[in-house]
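Asks: I am sharing entry03.cif, which consists of mmCIF, C-alpha atoms and all ligand atoms; chains and numbers go by the auth columns:
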data_start
loop_
_atom_site.group_PDB
_atom_site.id
_atom_site.type_symbol
_atom_site.label_atom_id
_atom_site.label_comp_id
_atom_site.label_asym_id
_atom_site.label_seq_id
_atom_site.Cartn_x
_atom_site.Cartn_y
_atom_site.Cartn_z
_atom_site.B_iso_or_equiv
_atom_site.auth_seq_id
_atom_site.auth_asym_id
ATOM 1 C CA MET A 1 -36.860 -14.689 7.202 0.00 11 A
ATOM 2 C CA ASN A 2 -38.399 -17.480 9.246 0.00 12 A
ATOM 3 C CA TYR A 3 -35.990 -20.085 8.098 0.00 13 A
ATOM 4 C CA ILE A 4 -32.849 -18.308 9.258 0.00 14 A
ATOM 5 C CA ASP A 5 -34.436 -17.729 12.642 0.00 15 A
ATOM 6 C CA SER A 6 -35.401 -21.351 13.192 0.00 16 A
ATOM 7 C CA TYR A 7 -32.145 -22.670 11.787 0.00 17 A
ATOM 8 C CA GLY A 8 -30.163 -20.272 13.908 0.00 18 A
ATOM 9 C CA LEU A 9 -32.080 -21.308 16.958 0.00 19 A
ATOM 10 C CA LEU A 10 -31.433 -24.996 16.439 0.00 20 A
ATOM 11 C CA SER A 11 -27.787 -25.118 15.518 0.00 21 A
ATOM 12 C CA SER A 12 -26.844 -22.041 17.478 0.00 22 A
ATOM 13 C CA ARG A 13 -27.970 -23.524 20.767 0.00 23 A
ATOM 14 C CA LEU A 14 -25.286 -26.131 20.246 0.00 24 A
ATOM 15 C CA HIS A 15 -22.611 -23.509 19.541 0.00 25 A
ATOM 16 C CA ARG A 16 -23.574 -21.850 22.776 0.00 26 A
ATOM 17 C CA ARG A 17 -23.282 -25.072 24.735 0.00 27 A
ATOM 18 C CA ILE A 18 -19.962 -26.098 23.212 0.00 28 A
ATOM 19 C CA THR A 19 -18.516 -22.666 23.979 0.00 29 A
ATOM 20 C CA LYS A 20 -19.815 -22.745 27.538 0.00 30 A
ATOM 21 C CA ASP A 21 -18.279 -26.156 28.103 0.00 31 A
ATOM 22 C CA ALA A 22 -14.974 -25.031 26.594 0.00 32 A
ATOM 23 C CA ILE A 23 -14.826 -21.968 28.825 0.00 33 A
ATOM 24 C CA GLY A 24 -15.763 -23.950 31.920 0.00 34 A
ATOM 25 C CA TRP A 25 -15.034 -21.973 35.046 0.00 35 A
ATOM 26 C CA SER A 26 -11.620 -20.828 33.902 0.00 36 A
ATOM 27 C CA TRP A 27 -12.462 -17.578 32.150 0.00 37 A
ATOM 28 C CA SER A 28 -12.643 -14.849 34.707 0.00 38 A
ATOM 29 C CA ASN A 29 -13.503 -11.832 32.570 0.00 39 A
ATOM 30 C CA GLU A 30 -16.956 -10.853 31.393 0.00 40 A
ATOM 31 C CA TRP A 31 -16.614 -12.628 28.040 0.00 41 A
ATOM 32 C CA GLY A 32 -17.138 -15.852 29.931 0.00 42 A
ATOM 33 C CA PHE A 33 -20.785 -14.835 30.031 0.00 43 A
ATOM 34 C CA THR A 34 -21.267 -13.118 26.676 0.00 44 A
ATOM 35 C CA LEU A 35 -19.027 -15.156 24.397 0.00 45 A
ATOM 36 C CA PRO A 36 -21.273 -18.267 24.103 0.00 46 A
ATOM 37 C CA GLY A 37 -24.103 -16.060 22.832 0.00 47 A
ATOM 38 C CA GLU A 38 -21.776 -14.314 20.402 0.00 48 A
ATOM 39 C CA VAL A 39 -20.560 -17.622 18.951 0.00 49 A
ATOM 40 C CA GLN A 40 -24.211 -18.559 18.525 0.00 50 A
ATOM 41 C CA ARG A 41 -24.964 -15.287 16.755 0.00 51 A
ATOM 42 C CA VAL A 42 -22.471 -15.907 13.940 0.00 52 A
ATOM 43 C CA ASP A 43 -25.248 -17.943 12.271 0.00 53 A
ATOM 44 C CA ALA A 44 -27.275 -14.724 12.158 0.00 54 A
ATOM 45 C CA TYR A 45 -24.484 -12.370 11.059 0.00 55 A
ATOM 46 C CA GLU A 46 -25.063 -10.438 7.854 0.00 56 A
ATOM 47 C CA GLY A 47 -24.036 -12.565 4.873 0.00 57 A
ATOM 48 C CA THR A 48 -23.632 -15.690 6.946 0.00 58 A
ATOM 49 C CA GLN A 49 -25.855 -17.792 4.625 0.00 59 A
ATOM 50 C CA LEU A 50 -24.212 -16.696 1.364 0.00 60 A
ATOM 51 C CA PRO A 51 -22.393 -19.418 -0.586 0.00 61 A
ATOM 52 C CA GLU A 52 -19.326 -17.169 -0.922 0.00 62 A
ATOM 53 C CA ASN A 53 -19.086 -17.069 2.864 0.00 63 A
ATOM 54 C CA ALA A 54 -19.375 -20.839 3.227 0.00 64 A
ATOM 55 C CA PHE A 55 -15.894 -20.992 4.796 0.00 65 A
ATOM 56 C CA TRP A 56 -17.302 -19.199 7.856 0.00 66 A
ATOM 57 C CA HIS A 57 -18.898 -22.586 8.560 0.00 67 A
ATOM 58 C CA HIS A 58 -16.187 -24.881 7.260 0.00 68 A
ATOM 59 C CA MET A 59 -17.984 -25.398 3.953 0.00 69 A
ATOM 60 C CA ARG A 60 -17.220 -24.601 0.329 0.00 70 A
ATOM 61 C CA ASN A 61 -19.031 -22.443 -2.192 0.00 71 A
ATOM 62 C CA GLY A 62 -21.430 -24.756 -4.049 0.00 72 A
ATOM 63 C CA LYS A 63 -22.408 -22.129 -6.601 0.00 73 A
ATOM 64 C CA THR A 64 -18.887 -21.907 -8.031 0.00 74 A
ATOM 65 C CA ASP A 65 -18.080 -25.566 -7.297 0.00 75 A
ATOM 66 C CA GLU A 66 -15.188 -24.315 -5.245 0.00 76 A
ATOM 67 C CA ASP A 67 -12.182 -26.575 -4.809 0.00 77 A
ATOM 68 C CA PRO A 68 -12.306 -28.212 -1.329 0.00 78 A
ATOM 69 C CA ASP A 69 -8.608 -27.475 -0.688 0.00 79 A
ATOM 70 C CA LEU A 70 -9.161 -23.813 -1.489 0.00 80 A
ATOM 71 C CA ALA A 71 -12.174 -23.747 0.824 0.00 81 A
ATOM 72 C CA VAL A 72 -10.098 -25.248 3.638 0.00 82 A
ATOM 73 C CA ALA A 73 -7.342 -22.694 3.004 0.00 83 A
ATOM 74 C CA LYS A 74 -9.901 -19.887 3.197 0.00 84 A
ATOM 75 C CA TYR A 75 -11.332 -21.378 6.376 0.00 85 A
ATOM 76 C CA LEU A 76 -7.909 -21.551 8.035 0.00 86 A
ATOM 77 C CA GLU A 77 -7.006 -18.030 6.977 0.00 87 A
ATOM 78 C CA TYR A 78 -10.370 -16.799 8.258 0.00 88 A
ATOM 79 C CA VAL A 79 -9.852 -18.468 11.648 0.00 89 A
ATOM 80 C CA ASN A 80 -6.364 -17.001 12.005 0.00 90 A
ATOM 81 C CA ILE A 81 -7.339 -13.510 10.898 0.00 91 A
ATOM 82 C CA SER A 82 -10.416 -13.529 13.131 0.00 92 A
ATOM 83 C CA LEU A 83 -8.386 -14.683 16.117 0.00 93 A
ATOM 84 C CA ALA A 84 -5.683 -12.076 15.510 0.00 94 A
ATOM 85 C CA LYS A 85 -8.244 -9.276 15.774 0.00 95 A
ATOM 86 C CA CYS A 86 -8.294 -9.839 19.519 0.00 96 A
ATOM 87 C CA THR A 87 -11.936 -8.838 19.712 0.00 97 A
ATOM 88 C CA GLU A 88 -14.885 -10.748 21.050 0.00 98 A
ATOM 89 C CA GLU A 89 -16.455 -10.900 17.583 0.00 99 A
ATOM 90 C CA GLY A 90 -13.212 -12.190 16.085 0.00 100 A
ATOM 91 C CA LEU A 91 -12.924 -14.864 18.733 0.00 101 A
ATOM 92 C CA ALA A 92 -16.573 -15.788 18.240 0.00 102 A
ATOM 93 C CA ARG A 93 -16.095 -16.127 14.472 0.00 103 A
ATOM 94 C CA ALA A 94 -13.031 -18.325 14.930 0.00 104 A
ATOM 95 C CA LEU A 95 -14.760 -20.537 17.493 0.00 105 A
ATOM 96 C CA HIS A 96 -17.884 -20.866 15.379 0.00 106 A
ATOM 97 C CA ALA A 97 -15.968 -21.932 12.274 0.00 107 A
ATOM 98 C CA VAL A 98 -13.863 -24.464 14.157 0.00 108 A
ATOM 99 C CA GLN A 99 -16.923 -25.886 15.942 0.00 109 A
ATOM 100 C CA ASP A 100 -18.779 -26.226 12.642 0.00 110 A
ATOM 101 C CA SER A 101 -15.924 -28.327 11.292 0.00 111 A
ATOM 102 C CA PHE A 102 -16.974 -31.076 13.733 0.00 112 A
ATOM 103 C CA ALA A 103 -20.605 -31.199 12.574 0.00 113 A
ATOM 104 C CA PRO A 104 -21.388 -34.055 10.158 0.00 114 A
ATOM 105 C CA GLY A 105 -22.869 -31.615 7.672 0.00 115 A
ATOM 106 C CA HIS A 106 -19.666 -29.577 7.483 0.00 116 A
ATOM 107 C CA GLU A 107 -16.677 -31.820 8.093 0.00 117 A
ATOM 108 C CA ASP A 108 -15.787 -32.566 4.475 0.00 118 A
ATOM 109 C CA VAL A 109 -16.283 -28.933 3.441 0.00 119 A
ATOM 110 C CA GLN A 110 -19.554 -29.824 1.693 0.00 120 A
ATOM 111 C CA ALA A 111 -20.832 -27.589 -1.055 0.00 121 A
ATOM 112 C CA TRP A 112 -23.131 -24.861 0.209 0.00 122 A
ATOM 113 C CA MET A 113 -25.646 -23.518 -2.294 0.00 123 A
ATOM 114 C CA GLY A 114 -27.313 -21.116 0.106 0.00 124 A
ATOM 115 C CA GLY A 115 -30.958 -21.361 1.012 0.00 125 A
ATOM 116 C CA MET A 116 -32.369 -24.211 3.050 0.00 126 A
ATOM 117 C CA PRO A 117 -29.948 -26.829 4.316 0.00 127 A
ATOM 118 C CA SER A 118 -31.029 -30.454 4.061 0.00 128 A
ATOM 119 C CA PHE A 119 -32.723 -32.089 7.009 0.00 129 A
ATOM 120 C CA ARG A 120 -29.688 -34.266 7.575 0.00 130 A
ATOM 121 C CA HIS A 121 -27.517 -31.168 7.739 0.00 131 A
ATOM 122 C CA ILE A 122 -29.734 -29.574 10.367 0.00 132 A
ATOM 123 C CA PHE A 123 -30.019 -32.825 12.230 0.00 133 A
ATOM 124 C CA GLY A 124 -26.261 -33.203 12.251 0.00 134 A
ATOM 125 C CA ASP A 125 -25.823 -29.676 13.484 0.00 135 A
ATOM 126 C CA VAL A 126 -28.106 -30.334 16.413 0.00 136 A
ATOM 127 C CA PHE A 127 -27.007 -33.863 17.300 0.00 137 A
ATOM 128 C CA PRO A 128 -23.352 -34.274 16.402 0.00 138 A
ATOM 129 C CA GLY A 129 -22.779 -37.253 18.702 0.00 139 A
ATOM 130 C CA ALA A 130 -20.731 -37.440 21.876 0.00 140 A
ATOM 131 C CA ASN A 131 -17.315 -37.885 20.283 0.00 141 A
ATOM 132 C CA ARG A 132 -17.784 -35.033 17.868 0.00 142 A
ATOM 133 C CA TYR A 133 -19.127 -32.916 20.664 0.00 143 A
ATOM 134 C CA ASP A 134 -16.124 -33.576 22.891 0.00 144 A
ATOM 135 C CA ALA A 135 -13.779 -32.954 19.987 0.00 145 A
ATOM 136 C CA ALA A 136 -15.462 -29.612 19.314 0.00 146 A
ATOM 137 C CA VAL A 137 -15.126 -28.649 22.974 0.00 147 A
ATOM 138 C CA GLY A 138 -11.451 -29.659 22.944 0.00 148 A
ATOM 139 C CA ALA A 139 -10.722 -27.656 19.804 0.00 149 A
ATOM 140 C CA SER A 140 -12.552 -24.675 21.310 0.00 150 A
ATOM 141 C CA LYS A 141 -10.426 -24.914 24.439 0.00 151 A
ATOM 142 C CA ASN A 142 -7.274 -24.858 22.316 0.00 152 A
ATOM 143 C CA LEU A 143 -8.543 -21.825 20.467 0.00 153 A
ATOM 144 C CA LEU A 144 -9.333 -20.050 23.733 0.00 154 A
ATOM 145 C CA SER A 145 -5.814 -20.596 25.048 0.00 155 A
ATOM 146 C CA ALA A 146 -4.330 -19.458 21.749 0.00 156 A
ATOM 147 C CA PHE A 147 -6.463 -16.358 21.991 0.00 157 A
ATOM 148 C CA LYS A 148 -5.434 -15.703 25.578 0.00 158 A
ATOM 149 C CA SER A 149 -1.719 -15.941 24.875 0.00 159 A
ATOM 150 C CA GLN A 150 -2.017 -14.017 21.601 0.00 160 A
ATOM 151 C CA CYS A 151 -4.178 -11.235 22.953 0.00 161 A
ATOM 152 C CA SER A 152 -3.341 -11.358 26.659 0.00 162 A
ATOM 153 C CA CYS A 153 -6.672 -9.884 27.578 0.00 163 A
ATOM 154 C CA GLU A 154 -7.365 -11.802 30.730 0.00 164 A
HETATM 155 ZN ZN ZN B . -22.308 -22.186 11.268 0.00 201 B
#
Would you write out, as structure tokens, the structure that this file holds?
Replies:
Amino acid sequence: MNYIDSYGLLSSRLHRRITKDAIGWSWSNEWGFTLPGEVQRVDAYEGTQLPENAFWHHMRNGKTDEDPDLAVAKYLEYVNISLAKCTEEGLARALHAVQDSFAPGHEDVQAWMGGMPSFRHIFGDVFPGANRYDAAVGASKNLLSAFKSQCSCE
């Protein structure tokens, strides 16, 4: 699947950078090194491109014309459940979803039909703009502190 590889490479680089910036120099355990890559990899997880998993990326199922409020509720539940697992994968899933919510192609829980995203969507994922970028880093920082206090795994 060429497309998933190239798409993952583009948008995932950004996830990696946002996560790195959010961690800064403050995270002393080994996840400080592996977590950015794990957040990136969520775009390659099994089922990640399916419309019914659109909420993994702060989007809604376009095939069922899912209600945006329901999609947001699923997104929030997903972030909380993922965080509460206190695992690196759970944290990565939560971070990825929250970061996606700041990309122009995801912010209004757009309908996701699966398959190839539009050029604008990809473009937005790669170049979200400085304000969006900073906001995504800030939200990631908040998530990291929530994780630390919830899981006390430092
Ligand atoms: Zn994503």
Asks: Please build the interface table for chain A against ligand ZN 201 (chain B) with a cut-off of 7 Å, listing for each qualifying residue the nearest atom pair and the distance in Å to one decimal; count all atoms listed in the file, order rows by chain and increasing number, and write it as a tab-separated table.
Replies:
residue	atom	partner	partner_atom	distance
A:Val52	CA	B:ZN201	ZN	6.8
A:Asp53	CA	B:ZN201	ZN	5.3
A:Trp66	CA	B:ZN201	ZN	6.8
A:His67	CA	B:ZN201	ZN	4.4
A:His106	CA	B:ZN201	ZN	6.2
A:Ala107	CA	B:ZN201	ZN	6.4
A:Asp110	CA	B:ZN201	ZN	5.5
Asks: Give me, please, the distance in Å between CA of Glu99 (chain A) and CA of Ser22 (chain A), quoted to one decimal.
Replies: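 Separation of CA of Glu99 (chain A) and CA of Ser22 (chain A): 15.2 Å.
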Asks: Pick out the closest residue to Ala83 (chain A) from this set: A:Thr44, A:Val119, A:Gly100, A:Lys95. Count all atoms listed in the file.
Replies: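 Looking at the shortest contact to Ala83 (chain A), the residue is A:Val119.
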Asks: What's the 12 Å shell around region 151-156 of chain A, counting all atoms listed in the file, without same-chain residues fewer than 2 positions away, as a ChimeraX atom specification?
Replies: /A:28-37,41-42,45,89-90,92-94,96,98,100-109,144-149,158-164
Asks: For CA of Gln120 (chain A) and CA of Arg70 (chain A), determine how far apart the two atoms are, in Å to one decimal place.
Replies: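 Separating CA of Gln120 (chain A) from CA of Arg70 (chain A) is a distance of 5.9 Å.
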Asks: Would you list the contacts of Val82 (chain A) as an MDAnalysis selection string, taking every protein, DNA or RNA residue within 10 Å and counting only C-alpha atoms, but skipping same-chain residues closer than 5 positions in sequence?
Replies: chainID A and resid 65 68:70 77 87:88 118:119
Asks: By how many Å are CA of Ala140 (chain A) and CA of Val49 (chain A) apart?
Replies: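 Result for CA of Ala140 (chain A) versus CA of Val49 (chain A): 20.0 Å, one decimal.
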Asks: Using all atoms listed in the file, which of A:Phe112, A:Phe43, A:Trp122, A:Tyr55 sits nearest Asn71 (chain A)?
Replies: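 Looking at the shortest contact to Asn71 (chain A), the residue is A:Trp122.
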Asks: I need the residue set behind the PyMOL selection byres (((chain A and resi 73) around 8) and not hetatm) for this file; please write it as an MDAnalysis selection string.
Replies: chainID A and resid 61 71:72 74:76 121:123
